[in-house]
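**Student:** The structure that follows is given in the form of structure tokens.
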Amino acid sequence: MYGLADCNNFFVSCERVFNPGLNGRPVVILSNNDGCVISRSNEAKQLGIKMGQPFYQLGEMIRRHNVAVFSSNFVLYGDMSKRVQQTLRSMVPSTEVYSIDESFLDLRGVDERQLDALGHHISYVVQRNTGIPISVGISPTKTLAKIASKLCKQYPKLRGSCLMRRPEDIEKVLRKFPIEDVWGIGRRFSAMLKTQGIQTAYQFTQLPVERVQRLMHVGGVKTWRELRGEPCVDFEEHSREKQQITVSRSFSKEITDVADLQQQIALFTSMAAEKLRKQQSVCDTLIVFLLTNRHREDKPQQFANRLVPLHSSTDSTLELVDIATRTVVEIARPGFEYKKAGVILSDLHPGNAVQAALFDETDHEKHRRLMAALDDINRKQGAHSVVVATAGFDGIKMNRQHLSRNFTTQWDDIIEINCPT
């Protein structure tokens, strides 16, 4: 049996943990630069606020219904996600992190008579330990567990957990479950299936496997078998190492000054290098790109990019920032206003298997010790406590007018409680 633990309205729930006055009130979380809605409370959904809806369209509704608005605080959300994961790992044999707010639970070997009680216990303990409400779905396959988790969100009377085990119960659910909501189907395949009269997950399971193979290839057959109760999607206890690391952002205002672009690229490169070291990898290629605002047709347009092969594999922030900032000077052009920029670290491989270049004069051992000290300080004192000078302390030039505090990662942002004397 497999479980899927899905945090309810995760970003909103993170804000509510530290601001209980938001409970029962409509809340929305905005994307980078406060552009559009990326998370909604149930109250906001009931008002008709849609996922992805531009923020500028909501002014009147926000005022009329007293909607609380927050800029996305990914530092807070990431830390709260880690706390949820730690709690989950303490209660089940193993977990597989699927996204920032979802984890699969390996329940193979657990007495099936205890599964219902275990699911409710997991939901209760996670909320008690972290303040985050979750929906636990339990079923014979990962795909069915995802469906059970969705049902748990739809029906509060399930009290945080849904065990979907008996074949007759599974069939009853699949007969009503929309095909477009099945994990692994996707928008393109669901549209194609609907043209052939397949509207529900159950109808999909009744197709001959040969037809599914012809229409959707191996991936579709796996989903078909999973819906029929046959586990086909492997459980991955250890997360796969990334094959490419990208850090990019859109800016609140267009940037024309090369020095400002260098500062932003230095910051992005530092963030990417930290992720690289975290998975104990090094890279052989660095890519820098700059984009103008494609929505400003009255302005000259450019997509500038440069791929730089590195002389030696590295994970050093100092080396990568030096190369990236010099690359900005080479590709930026006067007269262009850049709205977005980013860095990609590619050709990744384990850091313990590095072939040194013959004429490489860099003291990599010295860089390794320095980077270890840098990461340790930033881990203990908070992100970007120590930075390379080029990156500065101004942060990313984004519009985040509704940003909450970093309650769990910054000493200055810890909640203070004033007790009456």
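Residues are referred to by chain and number: the chain letter is A, B, ... according to the order shown in the structure tokens, the number counts from 1 in that chain, and ligands are numbered separately from 1 in the order shown.
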Each residue of range 15-120 of chain A with at least one atom at most 10 Å from range 138-160 of chain A should appear once, together with its nearest atom pair and the corresponding distance in Å (one decimal); atoms considered: only C-alpha atoms; ordering: chain, then increasing residue number; output as a Markdown table.
**Tutor:**
| residue | atom | partner | partner_atom | distance |
| --- | --- | --- | --- | --- |
| A:Glu102 | CA | A:Lys146 | CA | 9.7 |
| A:Phe104 | CA | A:Lys142 | CA | 7.4 |
| A:Leu105 | CA | A:Ile138 | CA | 8.7 |
| A:Asp106 | CA | A:Lys142 | CA | 9.4 |
| A:Leu107 | CA | A:Ile138 | CA | 8.6 |
| A:Arg108 | CA | A:Pro140 | CA | 9.2 |
| A:Leu115 | CA | A:Ile138 | CA | 7.7 |
| A:Asp116 | CA | A:Ile138 | CA | 8.2 |
| A:Leu118 | CA | A:Ile138 | CA | 9.8 |
| A:Gly119 | CA | A:Ile138 | CA | 7.4 |
| A:His120 | CA | A:Gly160 | CA | 6.1 |
**Student:** I need the alpha helix (DSSP H) residues of range 50-83 of chain A per DSSP on the backbone, written as a VMD selection string.
**Tutor:** chain A and resid 59 to 65 74 to 83
**Student:** Within 12 Å of Ser90 in chain A, counting only C-alpha atoms, which residues show up once you throw out same-chain ones fewer than 5 positions away? Write them as a PyMOL selection string, please.
**Tutor:** chain A and resi 83-85+95+105+122+125-126+129
**Student:** Compile the contact shell of Gly220 in chain A as a list in words: residues with an atom at most 12 Å away, counting only C-alpha atoms, same-chain residues fewer than 3 positions apart removed.
**Tutor:**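 Listing them by chain and then by number gives Thr143, Val182, Trp183, Gly184, Ile185, Gly186, Phe189, Ser190, Leu193, Phe204, Thr205, Leu207, Pro208, Val209, Glu210, Arg211, Val212, Gln213, Arg214, Leu215, Met216, His217, Thr223, Trp224, Arg225, Glu226, Leu227, Cys232 and Val233 of chain A.
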**Student:** Hey, which of A:Gln46, A:Gln86, A:Thr269, A:Gln301 ends up closest to Ile323 in chain A? Count only C-alpha atoms.
**Tutor:**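 For Ile323 in chain A, the nearest of the given residues is A:Thr269.
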**Student:** Just the residues within 10 Å of range 33-36 of chain A, please, counting only C-alpha atoms, with nothing from its chain fewer than 2 positions along; format it as number ranges by chain.
**Tutor:** A: 28-31, 38-39, 50-58, 69-72, 249-253, 397-403
**Student:** Nearest to Glu236 in chain A among A:Val282, A:Met371, A:Val97, A:Met1, with distances taken over only C-alpha atoms: which residue is it?
**Tutor:**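 Looking at the shortest contact to Glu236 in chain A, the residue is A:Val97.
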**Student:** Find the residues around Val321 in chain A up to 12 Å (only C-alpha atoms counted), leave out those fewer than 5 positions away in its own chain, and share them as a ChimeraX atom specification.
**Tutor:** /A:262-274,286-288,314-316,326-328,343,345,387-391
**Student:** Using only C-alpha atoms, which of A:Pro167, A:Leu276, A:Leu4, A:His121 sits nearest Ser99 in chain A?
**Tutor:** A:Leu4
**Student:** Suppose you want the space between CA of Ile245 in chain A and CA of Thr317 in chain A; what is it in Å?
**Tutor:**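 Taking CA of Ile245 in chain A and CA of Thr317 in chain A, their separation equals 13.8 Å.
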**Student:** Write out as JSON lines the residues of range 72-158 of chain A that have any atom within 12 Å of an atom of range 375-383 of chain A, one row each with the nearest atom pair and its distance in Å to one decimal, counting only C-alpha atoms, sorted by chain and then rising number.
**Tutor:**
{"residue": "A:Val75", "atom": "CA", "partner": "A:Ala383", "partner_atom": "CA", "distance": 8.8}
{"residue": "A:Leu76", "atom": "CA", "partner": "A:Ala383", "partner_atom": "CA", "distance": 11.5}
{"residue": "A:Asp79", "atom": "CA", "partner": "A:Gly382", "partner_atom": "CA", "distance": 11.6}
**Student:** Convert the current residue selection to file output with C-alpha atoms, as a compact mmCIF listing (two decimals), in the first residue's frame.
**Tutor:**
# COMPACT_ATOMS: atom_id res chain seq x y z
CA VAL A 75 12.22 30.89 2.24
CA LEU A 76 9.43 30.40 4.79
CA ASP A 79 11.56 25.63 5.74
**Student:** Step one, run DSSP on the backbone; step two, keep only residues of range 278-371 of chain A assigned to strand (DSSP E or B); then write them as a PyMOL selection string.
**Tutor:** chain A and resi 281-292+303-314+338-350
**Student:** Store the residues picked out above in a file with N, CA, C and O atoms, as a compact mmCIF listing (two decimals), in the first residue's frame.
**Tutor:**
# COMPACT_ATOMS: atom_id res chain seq x y z
N SER A 281 27.63 17.91 -6.02
CA SER A 281 27.97 17.81 -7.43
C SER A 281 28.86 18.97 -7.85
O SER A 281 29.03 19.95 -7.12
N VAL A 282 29.43 18.84 -9.04
CA VAL A 282 30.17 19.92 -9.68
C VAL A 282 29.61 20.07 -11.09
O VAL A 282 28.90 19.19 -11.59
N CYS A 283 29.92 21.19 -11.74
CA CYS A 283 29.41 21.41 -13.10
C CYS A 283 30.56 21.65 -14.06
O CYS A 283 31.65 22.06 -13.67
N ASP A 284 30.28 21.39 -15.34
CA ASP A 284 31.28 21.62 -16.40
C ASP A 284 30.87 22.74 -17.35
O ASP A 284 31.66 23.15 -18.19
N THR A 285 29.62 23.21 -17.20
CA THR A 285 29.12 24.23 -18.13
C THR A 285 28.28 25.26 -17.39
O THR A 285 27.51 24.90 -16.49
N LEU A 286 28.44 26.52 -17.76
CA LEU A 286 27.64 27.60 -17.19
C LEU A 286 26.98 28.36 -18.33
O LEU A 286 27.62 28.66 -19.35
N ILE A 287 25.70 28.65 -18.17
CA ILE A 287 24.95 29.42 -19.18
C ILE A 287 24.36 30.65 -18.50
O ILE A 287 23.76 30.55 -17.43
N VAL A 288 24.51 31.80 -19.13
CA VAL A 288 23.92 33.05 -18.66
C VAL A 288 22.96 33.55 -19.74
O VAL A 288 23.28 33.50 -20.93
N PHE A 289 21.77 34.00 -19.32
CA PHE A 289 20.83 34.55 -20.31
C PHE A 289 20.17 35.81 -19.78
O PHE A 289 19.96 35.98 -18.57
N LEU A 290 19.84 36.71 -20.70
CA LEU A 290 19.17 37.98 -20.41
C LEU A 290 18.00 38.13 -21.38
O LEU A 290 18.14 37.86 -22.58
N LEU A 291 16.84 38.58 -20.87
CA LEU A 291 15.67 38.76 -21.72
C LEU A 291 15.08 40.14 -21.52
O LEU A 291 14.99 40.63 -20.38
N THR A 292 14.66 40.74 -22.61
CA THR A 292 13.90 41.98 -22.53
C THR A 292 12.43 41.64 -22.30
O THR A 292 12.03 40.48 -22.30
N PHE A 303 17.01 38.41 -26.84
CA PHE A 303 17.25 37.28 -25.96
C PHE A 303 18.73 36.95 -26.09
O PHE A 303 19.18 36.35 -27.06
N ALA A 304 19.49 37.41 -25.11
CA ALA A 304 20.94 37.22 -25.13
C ALA A 304 21.31 36.04 -24.24
O ALA A 304 20.82 35.94 -23.12
N ASN A 305 22.18 35.18 -24.74
CA ASN A 305 22.63 34.06 -23.92
C ASN A 305 24.02 33.62 -24.36
O ASN A 305 24.43 33.84 -25.50
N ARG A 306 24.73 33.00 -23.44
CA ARG A 306 26.08 32.53 -23.74
C ARG A 306 26.36 31.26 -22.93
O ARG A 306 26.16 31.23 -21.72
N LEU A 307 26.79 30.21 -23.62
CA LEU A 307 27.21 28.97 -22.98
C LEU A 307 28.72 28.99 -22.81
O LEU A 307 29.46 29.21 -23.79
N VAL A 308 29.17 28.76 -21.59
CA VAL A 308 30.61 28.83 -21.29
C VAL A 308 31.09 27.48 -20.77
O VAL A 308 30.76 27.08 -19.64
N PRO A 309 31.87 26.73 -21.56
CA PRO A 309 32.47 25.50 -21.04
C PRO A 309 33.57 25.86 -20.02
O PRO A 309 34.38 26.76 -20.27
N LEU A 310 33.58 25.18 -18.91
CA LEU A 310 34.56 25.48 -17.86
C LEU A 310 35.83 24.66 -18.07
O LEU A 310 35.79 23.50 -18.50
N HIS A 311 36.97 25.28 -17.74
CA HIS A 311 38.24 24.57 -17.90
C HIS A 311 38.35 23.39 -16.94
O HIS A 311 38.92 22.36 -17.28
N SER A 312 37.78 23.55 -15.74
CA SER A 312 37.80 22.49 -14.75
C SER A 312 36.43 22.41 -14.08
O SER A 312 35.77 23.44 -13.87
N SER A 313 36.02 21.22 -13.73
CA SER A 313 34.76 21.05 -13.00
C SER A 313 34.85 21.78 -11.67
O SER A 313 35.89 21.75 -11.00
N THR A 314 33.76 22.45 -11.28
CA THR A 314 33.81 23.23 -10.05
C THR A 314 32.44 23.36 -9.41
O THR A 314 31.42 23.21 -10.08
N TYR A 338 16.39 45.08 -19.81
CA TYR A 338 16.27 43.66 -19.49
C TYR A 338 15.29 43.44 -18.34
O TYR A 338 15.41 44.04 -17.28
N LYS A 339 14.32 42.57 -18.60
CA LYS A 339 13.25 42.30 -17.63
C LYS A 339 13.49 41.00 -16.85
O LYS A 339 12.98 40.83 -15.74
N LYS A 340 14.27 40.09 -17.42
CA LYS A 340 14.51 38.81 -16.76
C LYS A 340 15.93 38.35 -17.06
O LYS A 340 16.49 38.65 -18.12
N ALA A 341 16.50 37.62 -16.11
CA ALA A 341 17.84 37.08 -16.31
C ALA A 341 17.96 35.78 -15.53
O ALA A 341 17.16 35.49 -14.64
N GLY A 342 18.97 35.00 -15.88
CA GLY A 342 19.14 33.74 -15.17
C GLY A 342 20.47 33.08 -15.44
O GLY A 342 21.22 33.48 -16.34
N VAL A 343 20.74 32.06 -14.63
CA VAL A 343 21.96 31.27 -14.73
C VAL A 343 21.58 29.80 -14.73
O VAL A 343 20.71 29.38 -13.96
N ILE A 344 22.24 29.03 -15.58
CA ILE A 344 22.03 27.58 -15.63
C ILE A 344 23.38 26.89 -15.44
O ILE A 344 24.35 27.20 -16.15
N LEU A 345 23.45 25.98 -14.48
CA LEU A 345 24.62 25.13 -14.31
C LEU A 345 24.29 23.77 -14.91
O LEU A 345 23.31 23.13 -14.52
N SER A 346 25.11 23.33 -15.85
CA SER A 346 24.80 22.12 -16.59
C SER A 346 25.99 21.17 -16.60
O SER A 346 27.06 21.49 -16.08
N ASP A 347 25.77 20.00 -17.20
CA ASP A 347 26.80 18.93 -17.22
C ASP A 347 27.27 18.64 -15.80
O ASP A 347 28.46 18.73 -15.48
N LEU A 348 26.32 18.25 -14.96
CA LEU A 348 26.63 17.99 -13.56
C LEU A 348 27.08 16.55 -13.37
O LEU A 348 26.61 15.64 -14.03
N HIS A 349 27.98 16.35 -12.41
CA HIS A 349 28.42 15.01 -12.03
C HIS A 349 28.95 15.05 -10.61
O HIS A 349 29.21 16.14 -10.06
N PRO A 350 29.10 13.90 -9.97
CA PRO A 350 29.52 13.88 -8.56
C PRO A 350 30.85 14.59 -8.32
O PRO A 350 31.77 14.49 -9.12
**Student:** Compile the contact shell of Ala201 in chain A as an mmCIF file with C-alpha atoms, in the first residue's frame: residues with an atom at most 9 Å away, counting only C-alpha atoms, same-chain residues fewer than 2 positions apart removed.
**Tutor:**
data_model
loop_
_atom_site.group_PDB
_atom_site.id
_atom_site.type_symbol
_atom_site.label_atom_id
_atom_site.label_comp_id
_atom_site.auth_asym_id
_atom_site.auth_seq_id
_atom_site.Cartn_x
_atom_site.Cartn_y
_atom_site.Cartn_z
ATOM 1 C CA VAL A 173 -14.659 6.576 -7.050
ATOM 2 C CA LEU A 174 -13.176 6.099 -10.522
ATOM 3 C CA ARG A 175 -16.625 6.122 -12.140
ATOM 4 C CA LYS A 176 -16.989 9.780 -11.130
ATOM 5 C CA PHE A 177 -13.347 10.921 -11.205
ATOM 6 C CA PRO A 178 -12.582 13.248 -14.182
ATOM 7 C CA ILE A 179 -9.949 11.885 -16.533
ATOM 8 C CA GLU A 180 -8.152 15.254 -16.644
ATOM 9 C CA ASP A 181 -7.491 15.061 -12.893
ATOM 10 C CA VAL A 182 -5.712 11.695 -13.033
ATOM 11 C CA ILE A 198 -13.429 8.895 -22.337
ATOM 12 C CA GLN A 199 -14.590 11.277 -19.611
ATOM 13 C CA GLN A 203 -13.839 4.566 -18.624
ATOM 14 C CA PHE A 204 -10.095 4.793 -19.197
ATOM 15 C CA THR A 205 -9.506 1.554 -17.245
ATOM 16 C CA GLN A 206 -11.986 -0.254 -19.490
ATOM 17 C CA TRP A 224 -3.803 2.414 -16.846
ATOM 18 C CA LEU A 227 -5.677 2.697 -11.879
#
